[in-house]
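Q: Following this message is one structure expressed as structure tokens.
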Amino acid sequence: MKSNRLSLMVITVMLGLSACATTQSPTGRGQTLLYSSAQMQQMGDSSFEEMKKQLKVSNDKKLTQYVNCVANRITAVLPDQTQRWDVVLFDSEQVNAFALPGGHIGVYTGLLKVANGSDQLATVIGHEVAHVLAQHGNEQVSRGQLTGVGMQIADAALGVSGVANRDLYMSALGLGAQVGVILPFGRAQESEADVMGLELMARAGFDPAQSVDLWQNMSKAGGSQGIELLSTHPSNSNRIAQLQQLQGQMQPLYKSAKVNVKNQCVVPK
């Protein structure tokens with residue numbers, strides 16, 4: 001009887017969490033979000049600090065200024081201008097980048113060898129920031145929580161210590177490759193980040209047409225084995241076709257914005 005009561009409690013809590021946390025993404029897609037903005041910021045803050053311990057921060061001042069220039073133009077067009085963004089260039093051959101809740105952007109020097117010019121770099125940064133805006137990290141962590149919440153509630157009820165979720169959190173926030181756990185965003189999330197990221201870069205005065213070239217470069221860069229960014233951000237004909245279809249909508253935003261752009265981001269020689 002005690003076991004039945006515990007099972008009923010677990011099911012009730014899981015259903016309650018699902019019911020109260022259903023919302024919509026910026027594109028209208030349904031999402032289940034179990035964590036508050038404050039909780040997500042805490043996860044992002046701690047994960048970013050962990051990354052700075054694990055990886056070497058680049059001491060190349062010119063490259064760092066260049067990356068900051070591109071990132072700052074992207075974040076300058078975000079709806080919430082109260083959020084301060086911390087941008088770090090990591091000295092790593094990985095062709096990758098990420099953005100985390102709490103205002104954190106990480107770019108690897110390896111990406112700069114594939115992203116030719118500021119417009120292509122803006123494509124990646126805009127895409128990663130879009131994941132944060134659309135709360136995809138919250139969605140991923142919530143999905144994992146719903147999968148294991150019954151076990152954790154049962155452990156708590158029985159007086160057993162909780163399960164450590166550090167790897168799950170970091171993986172869901174886009175850092176899976178660094179902690180040995182891969183929890184890639186789904187196709188719907190990737191599509192949203194592509195659309196939202198394209199609009200962000202266009203409004204920041206970066207040419208959205210370069211997004212097509214960027215993903216084509218990504219596909220070519222890794223040969224038959226591909227590159228790390230594509231392991232969690234798949235590039236395929238559908239993605240490129242979508243980006244091409246959006247050009248008619250995004251080009252007017254770009255042409256309007258570039259007139260007012262004063263902060264040019266020049267690639268260091």
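Each chain of the structure tokens is named A, B, ... in the order shown, its residues numbered from 1; ligands are numbered from 1 in display order.
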Using only C-alpha atoms, determine which residues lie at most 9 Å from A:Ile105, disregarding the query and same-chain residues fewer than 5 positions distant; provide the list as an MDAnalysis selection string.

A: chainID A and resid 48 71 85:89 97:100 125 128:129

Q: Kindly export the residues of the current selection with C-alpha atoms, as a short mmCIF file (atom, residue, chain, number, x, y, z; two decimals), in the first residue's frame.

A:
data_model
loop_
_atom_site.label_atom_id
_atom_site.label_comp_id
_atom_site.auth_asym_id
_atom_site.auth_seq_id
_atom_site.Cartn_x
_atom_site.Cartn_y
_atom_site.Cartn_z
CA PHE A 48 30.01 29.02 -17.94
CA ALA A 71 28.53 39.46 -30.48
CA TRP A 85 26.34 39.58 -22.00
CA ASP A 86 29.73 38.09 -21.20
CA VAL A 87 31.65 37.03 -24.34
CA VAL A 88 34.69 34.74 -24.14
CA LEU A 89 36.92 33.46 -26.94
CA ALA A 97 30.17 28.20 -30.24
CA PHE A 98 27.45 28.38 -27.60
CA ALA A 99 25.26 30.78 -25.65
CA LEU A 100 23.88 30.21 -22.17
CA ILE A 125 26.33 33.67 -32.73
CA GLU A 128 23.18 30.28 -30.47
CA VAL A 129 21.68 33.37 -28.83
#

Q: For A:Asp45, work out the shell of residues within 8 Å, counting only C-alpha atoms and skipping chain neighbours fewer than 5 positions away, then give it as a list in words.

A: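 Contacts, in chain order: Leu100, Pro101, Gly102 and His104 of chain A.
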
Q: Next, the residues of the selection above should be written as a compact mmCIF listing (two decimals), in the first residue's frame with N, CA and C atoms.

A:
# COMPACT_ATOMS: atom_id res chain seq x y z
N LEU A 100 24.52 30.78 -23.35
CA LEU A 100 23.88 30.21 -22.17
C LEU A 100 22.97 31.23 -21.49
N PRO A 101 21.93 30.75 -20.81
CA PRO A 101 21.09 31.65 -20.01
C PRO A 101 21.96 32.40 -19.01
N GLY A 102 21.58 33.62 -18.72
CA GLY A 102 22.38 34.44 -17.83
C GLY A 102 23.27 35.40 -18.57
N HIS A 104 25.70 34.64 -21.46
CA HIS A 104 27.05 34.15 -21.71
C HIS A 104 27.17 33.64 -23.14

Q: Would you please work out which residue, of A:Ala204, A:Val212, A:Val114, A:Ala76, is nearest to A:Asn238 when using only C-alpha atoms?

A: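 Once distances to A:Asn238 are computed over only C-alpha atoms, the minimum belongs to A:Val212.
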
Q: May I have the residues within 8 Å of A:Ser58 as a tab-separated table (two decimals) with C-alpha atoms, in the first residue's frame, using only C-alpha atoms and disregarding those fewer than 5 positions away in the same chain?

A:
chain	number	residue	atom	x	y	z
A	64	THR	CA	38.88	38.72	-28.95
A	89	LEU	CA	36.92	33.46	-26.94
A	90	PHE	CA	38.27	30.02	-26.08
A	91	ASP	CA	41.58	28.86	-27.54
A	109	THR	CA	38.99	29.92	-32.19

Q: Just the residues within 10 Å of stretch 111-113 of chain A, please, counting only C-alpha atoms, with nothing from its chain fewer than 4 positions along; format it as a list in words.

A: Leu63, Val67, Ser92, Glu93, Gln94, Val95, Asn96, Ala97, Val107, Gly117, Ser118, Gln120, Leu121, Val124, Met218, Ala221, Leu229 and Val267 of chain A

Q: Please, could you write that set of residues out with N, CA and C atoms as a PDB file, in the first residue's frame?

A:
ATOM      1  N   LEU A  63      41.697  39.118 -32.025  1.00  0.00           N
ATOM      2  CA  LEU A  63      40.621  38.162 -32.290  1.00  0.00           C
ATOM      3  C   LEU A  63      39.498  38.319 -31.266  1.00  0.00           C
ATOM      4  N   VAL A  67      35.570  39.153 -32.108  1.00  0.00           N
ATOM      5  CA  VAL A  67      34.445  38.320 -31.675  1.00  0.00           C
ATOM      6  C   VAL A  67      33.479  39.137 -30.821  1.00  0.00           C
ATOM      7  N   SER A  92      40.729  26.980 -28.766  1.00  0.00           N
ATOM      8  CA  SER A  92      40.442  25.567 -29.027  1.00  0.00           C
ATOM      9  C   SER A  92      40.214  25.371 -30.514  1.00  0.00           C
ATOM     10  N   GLU A  93      40.636  24.210 -31.023  1.00  0.00           N
ATOM     11  CA  GLU A  93      40.456  23.903 -32.433  1.00  0.00           C
ATOM     12  C   GLU A  93      39.017  23.495 -32.758  1.00  0.00           C
ATOM     13  N   GLN A  94      38.190  23.366 -31.764  1.00  0.00           N
ATOM     14  CA  GLN A  94      36.798  22.999 -32.006  1.00  0.00           C
ATOM     15  C   GLN A  94      36.118  24.056 -32.884  1.00  0.00           C
ATOM     16  N   VAL A  95      35.368  23.592 -33.851  1.00  0.00           N
ATOM     17  CA  VAL A  95      34.584  24.493 -34.700  1.00  0.00           C
ATOM     18  C   VAL A  95      33.208  24.591 -34.064  1.00  0.00           C
ATOM     19  N   ASN A  96      33.087  25.496 -33.095  1.00  0.00           N
ATOM     20  CA  ASN A  96      31.874  25.505 -32.290  1.00  0.00           C
ATOM     21  C   ASN A  96      31.690  26.849 -31.593  1.00  0.00           C
ATOM     22  N   ALA A  97      30.514  27.029 -31.040  1.00  0.00           N
ATOM     23  CA  ALA A  97      30.174  28.202 -30.235  1.00  0.00           C
ATOM     24  C   ALA A  97      28.950  27.835 -29.422  1.00  0.00           C
ATOM     25  N   VAL A 107      32.858  31.353 -27.823  1.00  0.00           N
ATOM     26  CA  VAL A 107      33.246  31.081 -29.209  1.00  0.00           C
ATOM     27  C   VAL A 107      34.619  30.419 -29.185  1.00  0.00           C
ATOM     28  N   GLY A 117      34.505  35.732 -42.292  1.00  0.00           N
ATOM     29  CA  GLY A 117      34.010  37.093 -42.173  1.00  0.00           C
ATOM     30  C   GLY A 117      32.977  37.255 -41.077  1.00  0.00           C
ATOM     31  N   SER A 118      32.695  38.507 -40.757  1.00  0.00           N
ATOM     32  CA  SER A 118      31.809  38.821 -39.640  1.00  0.00           C
ATOM     33  C   SER A 118      30.370  38.376 -39.883  1.00  0.00           C
ATOM     34  N   GLN A 120      29.318  35.686 -41.438  1.00  0.00           N
ATOM     35  CA  GLN A 120      29.194  34.254 -41.170  1.00  0.00           C
ATOM     36  C   GLN A 120      29.351  33.959 -39.679  1.00  0.00           C
ATOM     37  N   LEU A 121      30.231  34.677 -39.015  1.00  0.00           N
ATOM     38  CA  LEU A 121      30.345  34.510 -37.566  1.00  0.00           C
ATOM     39  C   LEU A 121      29.050  34.934 -36.884  1.00  0.00           C
ATOM     40  N   VAL A 124      26.379  32.187 -36.722  1.00  0.00           N
ATOM     41  CA  VAL A 124      26.512  31.214 -35.638  1.00  0.00           C
ATOM     42  C   VAL A 124      26.126  31.834 -34.299  1.00  0.00           C
ATOM     43  N   MET A 218      30.456  24.773 -43.425  1.00  0.00           N
ATOM     44  CA  MET A 218      30.456  23.804 -42.334  1.00  0.00           C
ATOM     45  C   MET A 218      30.437  22.382 -42.878  1.00  0.00           C
ATOM     46  N   ALA A 221      33.874  21.555 -44.396  1.00  0.00           N
ATOM     47  CA  ALA A 221      35.045  21.636 -43.528  1.00  0.00           C
ATOM     48  C   ALA A 221      35.456  20.308 -42.916  1.00  0.00           C
ATOM     49  N   LEU A 229      30.495  21.035 -34.489  1.00  0.00           N
ATOM     50  CA  LEU A 229      29.298  21.867 -34.463  1.00  0.00           C
ATOM     51  C   LEU A 229      28.126  21.153 -35.102  1.00  0.00           C
ATOM     52  N   VAL A 267      37.805  41.596 -39.652  1.00  0.00           N
ATOM     53  CA  VAL A 267      38.567  40.390 -39.335  1.00  0.00           C
ATOM     54  C   VAL A 267      40.049  40.756 -39.212  1.00  0.00           C
TER      55      VAL A 267
END

Q: So what do you get for atom CA of A:Ser25 versus atom CA of A:Gln135, distance-wise?

A: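 Atom-to-atom, atom CA of A:Ser25 to atom CA of A:Gln135, that is 7.6 Å.
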
Q: How far is it from atom CA of A:Arg29 to atom CA of A:Gly186, in Å with one decimal?

A: 12.6 Å

Q: Please return, as a PyMOL selection string, all residues of stretch 48-158 of chain A that DSSP assigns to alpha helix (DSSP H) on the basis of the backbone.

A: chain A and resi 48-54+61-75+118-133+136-157

Q: Looking at A:Phe206, A:Leu243, A:Ser36, A:Gln189, which one is nearest to A:Ala134, with distances taken over only C-alpha atoms?

A: A:Gln189

Q: To one decimal in Å, tell me the separation between atom CA of A:Gln242 and atom CA of A:Ala202.

A: 15.6 Å

Q: Give me the residues of stretch 16-113 of chain A that have any atom at most 12 Å from an atom of stretch 251-258 of chain A; for each, the nearest atom pair and the distance in Å, rounded to one decimal. Use only C-alpha atoms, sort by chain and number, and format it as CSV.

A:
residue,atom,partner,partner_atom,distance
A:Arg73,CA,A:Ala257,CA,11.1
A:Ile74,CA,A:Ala257,CA,11.9
A:Val77,CA,A:Ala257,CA,10.3

Q: Write a file of the just-selected residues containing N, CA and C atoms, as a PDB file, in the first residue's frame.

A:
ATOM      1  N   ARG A  73      27.061  43.470 -31.416  1.00  0.00           N
ATOM      2  CA  ARG A  73      26.060  43.956 -32.368  1.00  0.00           C
ATOM      3  C   ARG A  73      24.811  43.083 -32.349  1.00  0.00           C
ATOM      4  N   ILE A  74      25.000  41.779 -32.176  1.00  0.00           N
ATOM      5  CA  ILE A  74      23.851  40.871 -32.076  1.00  0.00           C
ATOM      6  C   ILE A  74      23.050  41.161 -30.814  1.00  0.00           C
ATOM      7  N   VAL A  77      20.532  44.221 -30.411  1.00  0.00           N
ATOM      8  CA  VAL A  77      19.193  44.252 -30.998  1.00  0.00           C
ATOM      9  C   VAL A  77      18.223  43.335 -30.261  1.00  0.00           C
TER      10      VAL A  77
END
